[in-house]
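Down below is the structure, laid out as structure tokens.
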Amino acid sequence: MNVSSVKNFDAPGTQSAESASALRRLNTQRVLDAAWDREAVTASELISLTGLTRATVLNQAKELVESGWLTEAKDTRAAGAYSKGRPALRYELNRTHRFIAGIDAGQHRISLTLSDLRGTEQTRTAAILDPLASGRHRVEITEKLLAGVLAEFKVHKLAAVVIGVPAPVDSNGASPDDDNGFWASMNPEWKAALGKYTHLLRIENDANLAAIAELADGTDGSFASLMVGERIGAGVVVDNHLLRGAKGLAGEMRFLAHVAGVGDAHGLGYLAREQAKAALSKGASSSLALLDSDTLRAEDVFHAAAQDDQLAQEILESLGARLARISAVISGFAGLERVVLSGAMAEILQPVVAIAQRELAQEPALTCVQLTTSTLGAEVAMRGAIDLGVQLVRTAAPF
């Protein structure tokens with residue numbers, strides 16, 4: 001519920017105890033919502049923002065102060081903004097009244113960030129995982145990280161926990177079955193294990209969280225946030241609404257196995273590394289041969305291409321052509337205006353984007369598709385988790 005869109009129910013009349021309680025809660029939410037994004041507001045400003053009477057605003061603000069959601073700031077005279085007459089009370093959000101945890105539960109690494117009610121990071125922690133670790137082990141590691149953070153901040157319960165996983169997720173937080181059990185291991189029984197730590201628990205696909213982060217950062221319209229590291233996954237937004245689809249399968253890229261010139265859902269990082277290894281094993285001449293093949297990274301291939309290494313440049317050409325085909329399919333079908341490349345690799349992908357854009361330019365119907373790289377960095381899914389957590393708490397508060 002968007003509190004700001006609720007009509008003004010602050011009207012006289014006899015009401016049942018139940019409706020009066022509901023009205024009181026709505027008015028309390030409106031006052032809290034009005035103060036949420038502002039540093040400090042006076043009662044007069046809250047009246048203007050909410051449309052409620054002065055008596056209602058003062059009563060609900062007092063309750064919010066007593067319950068810890070708001071604090072009374074320095075009055076306007078003490079703050080230097082008022083010099084005559086009675087100083088006005090000023091209120092501000094108590095940002096550390098509750099905490100929100102964002103968890104990026106990737107295949108190789110589980111990261112946890114604790115934020116305040118405005119999404120400002122308070123601390124972070126992480127653990128490296130065997131990519132073949134069981135779902136139960138992943139839950140145990142996550143619970144250990146979470147318990148450590150709670151102990152550090154002397155908190156027993158969090159306002160919200162949002163977990164991002166590399167699997168499609170439906171509206172109930174469940175993933176469908178797949179042939180190799182990968183989705184089930186990435187999205188195990190989080191609710192059963194972590195529900196005791198929070199008032200609000202949400203499980204979400206990591207690419208969807210990237211799309212939520214892009215929306216919060218100002219990207220609008222219709223776009224796909226494309227995660228392109230080890231595997232391809234997309235969070236799809238149409239007319240500013242995130243698409244989920246049946247069983248959470250909107251944005252799932254396994255269909256690429258049926259797209260000519262693509263053939264699978266491997267990511268650009270994976271392919272850059274593996275194509276280089278395959279070529280070097282066959283004796284290809286390249287500066288990359290000087291590196292240990294066991295530790296060769298996608299970043300090494302991009303660096304070599306920038307140094308005019310022919311093999312590396314050929315690999316980037318193949319990646320660009322692949323990206324063009326993928327972008328053409330997903331943007332053409334859903335009518336997307338742009339494809340935003342997200343994740344840890346985004347900052348080095350500009351050469352591949354330029355190649356893909358060149359390929360798309362050969363199709364007049366696709367020239368309207370804009371390819372861009374995200375500016376939100378490797379933590380884009382985590383940022384989306386925190387953004388979503390703040391939204392969930394703001395909608396449900398006070399509690």
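We label chains A, B, ... in the order they appear in the structure tokens, count residues from 1 in each chain, and number ligands from 1 in the order shown.
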
Pull the closest atom pair for each residue of stretch 73-169 of chain A that gets at most 6 Å from stretch 376-393 of chain A, along with the distance in Å to one decimal, counting only C-alpha atoms, ordering rows by chain and then ascending residue number, as CSV.
residue,atom,partner,partner_atom,distance
A:Gly102,CA,A:Ala385,CA,5.0
A:Asp104,CA,A:Met382,CA,5.7
A:Gly119,CA,A:Ile386,CA,6.0
A:Ala160,CA,A:Gly389,CA,5.7
A:Val162,CA,A:Ala385,CA,5.4

At most 7 Å is the cut-off: for each residue in stretch 246-332 of chain A with any atom that close to an atom of stretch 228-236 of chain A, write down the nearest atom pair and the distance in Å rounded to one decimal, counting only C-alpha atoms, chain first then increasing number, as a Markdown table.
| residue | atom | partner | partner_atom | distance |
| --- | --- | --- | --- | --- |
| A:Gly251 | CA | A:Ala234 | CA | 4.5 |
| A:Glu252 | CA | A:Gly233 | CA | 5.8 |
| A:Met253 | CA | A:Gly233 | CA | 5.7 |
| A:Ala265 | CA | A:Ile232 | CA | 5.3 |
| A:His266 | CA | A:Arg231 | CA | 4.4 |
| A:Gly267 | CA | A:Arg231 | CA | 3.9 |
| A:Leu268 | CA | A:Val228 | CA | 5.5 |
| A:Gly269 | CA | A:Gly229 | CA | 4.6 |
| A:Tyr270 | CA | A:Glu230 | CA | 4.8 |

Can I get the selected residues back with C-alpha atoms, as a PDB file, in the first residue's frame?
ATOM      1  CA  GLY A 251      13.451 -13.440 -17.563  1.00  0.00           C
ATOM      2  CA  GLU A 252      14.666 -17.053 -17.341  1.00  0.00           C
ATOM      3  CA  MET A 253      17.116 -17.509 -20.227  1.00  0.00           C
ATOM      4  CA  ALA A 265      22.521 -19.500 -21.270  1.00  0.00           C
ATOM      5  CA  HIS A 266      26.228 -19.202 -20.464  1.00  0.00           C
ATOM      6  CA  GLY A 267      27.266 -15.685 -19.470  1.00  0.00           C
ATOM      7  CA  LEU A 268      29.770 -13.446 -21.225  1.00  0.00           C
ATOM      8  CA  GLY A 269      32.324 -13.811 -18.440  1.00  0.00           C
ATOM      9  CA  TYR A 270      32.172 -17.587 -18.589  1.00  0.00           C
TER      10      TYR A 270
END

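Separating atom CA of A:Ser342 from atom CA of A:Ala210 is a distance of 7.1 Å.
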
For this session: Based on DSSP run over this structure's backbone, return all residues of stretch 25-161 of chain A in helix (DSSP H, G or I), as a PyMOL selection string.
Result: chain A and resi 25-36+43-50+54-67+135-152

Would you put the residues from that selection into a file with C-alpha atoms, as a short mmCIF file (atom, residue, chain, number, x, y, z; two decimals), in the first residue's frame?
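File produced: result_23.cif:
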data_model
loop_
_atom_site.label_atom_id
_atom_site.label_comp_id
_atom_site.auth_asym_id
_atom_site.auth_seq_id
_atom_site.Cartn_x
_atom_site.Cartn_y
_atom_site.Cartn_z
CA ARG A 25 -3.31 3.18 11.78
CA LEU A 26 -3.74 4.75 8.33
CA ASN A 27 -3.16 8.22 9.74
CA THR A 28 -0.09 6.99 11.64
CA GLN A 29 1.28 5.48 8.44
CA ARG A 30 0.69 8.72 6.58
CA VAL A 31 2.62 10.74 9.13
CA LEU A 32 5.49 8.26 9.17
CA ASP A 33 5.58 8.06 5.37
CA ALA A 34 5.70 11.85 5.11
CA ALA A 35 8.70 11.98 7.45
CA TRP A 36 10.54 9.02 5.92
CA ALA A 43 4.20 19.55 12.53
CA SER A 44 3.06 22.26 10.11
CA GLU A 45 4.98 20.59 7.29
CA LEU A 46 3.48 17.22 8.20
CA ILE A 47 0.01 18.78 8.11
CA SER A 48 0.70 20.12 4.62
CA LEU A 49 2.18 16.81 3.43
CA THR A 50 -0.58 14.58 4.82
CA ARG A 54 -3.03 19.52 13.48
CA ALA A 55 -4.46 17.54 16.39
CA THR A 56 -4.20 14.27 14.43
CA VAL A 57 -0.66 14.96 13.28
CA LEU A 58 0.51 15.83 16.79
CA ASN A 59 -1.17 12.75 18.28
CA GLN A 60 0.21 10.35 15.69
CA ALA A 61 3.69 11.94 15.78
CA LYS A 62 3.70 11.56 19.57
CA GLU A 63 2.82 7.87 19.23
CA LEU A 64 5.58 7.38 16.65
CA VAL A 65 8.09 9.03 18.97
CA GLU A 66 6.99 6.85 21.88
CA SER A 67 7.23 3.68 19.76
CA GLY A 135 20.98 -26.17 -0.11
CA ARG A 136 21.11 -27.11 3.56
CA HIS A 137 24.76 -26.07 3.82
CA ARG A 138 23.96 -22.76 2.12
CA VAL A 139 21.24 -22.08 4.68
CA GLU A 140 23.56 -22.97 7.57
CA ILE A 141 26.27 -20.60 6.33
CA THR A 142 23.74 -17.81 5.80
CA GLU A 143 22.25 -18.29 9.26
CA LYS A 144 25.72 -18.12 10.77
CA LEU A 145 26.42 -14.82 8.99
CA LEU A 146 23.07 -13.43 10.07
CA ALA A 147 23.46 -14.50 13.69
CA GLY A 148 26.87 -12.86 13.82
CA VAL A 149 25.53 -9.53 12.58
CA LEU A 150 22.59 -9.63 14.98
CA ALA A 151 24.95 -10.26 17.89
CA GLU A 152 27.24 -7.42 16.79
#

Exercise. Contacts of stretch 271-288 of chain A at 12 Å or less, counting only C-alpha atoms, minus same-chain residues fewer than 5 places along, as an MDAnalysis selection string?
Worked result: chainID A and resid 228:232 262 264:266 293:320 322:323 345 349 352

For this session: Report as an MDAnalysis selection string: the residues of stretch 136-360 of chain A with a DSSP assignment of strand (DSSP E), based on the backbone of this structure.
Result: chainID A and resid 160:165 201:205 223:227 233:238 241:242 338:342

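Taking atom CA of A:Phe399 as the reference point, atom CA of A:Trp69 is found at 9.4 Å.
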
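Distance-wise, atom CA of A:Ala133 and atom CA of A:Gly181 end up 12.0 Å apart.
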
Problem set entry | Surrounding residues of A:Thr198 excluding itself and chain neighbours under 6 positions, 9 Å, only C-alpha atoms, as a PyMOL selection string | chain A and resi 100+156-161

For this session: Fewer than 6 positions away in the same chain doesn't count, so skip those; otherwise give me all residues within 9 Å of A:Leu129, counting only C-alpha atoms, as a list in words.
Result: Gly106, Gln107, His108, Arg109, Ile110, Arg138 and Ile141 of chain A

Exercise. From the list A:Asn94, A:Gln350, A:Gln122, A:Thr219, which residue is nearest A:Pro398 when using only C-alpha atoms?
Worked result: A:Asn94

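Counting only C-alpha atoms, the residue from A:Leu249, A:Leu70, A:Val340, A:Ala321 that sits nearest to A:Ala356 is A:Ala321.
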
Problem set entry | For stretch 38-40 of chain A: contacts at 7 Å, only C-alpha atoms, fewer than 3 positions along chain excluded, given as a PyMOL selection string | chain A and resi 35+73+90-92

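For the set A:Gly248, A:Thr120, A:Glu189, A:Glu214, the residue with the smallest atom-to-atom gap to A:Ser175 is A:Gly248, counting only C-alpha atoms.
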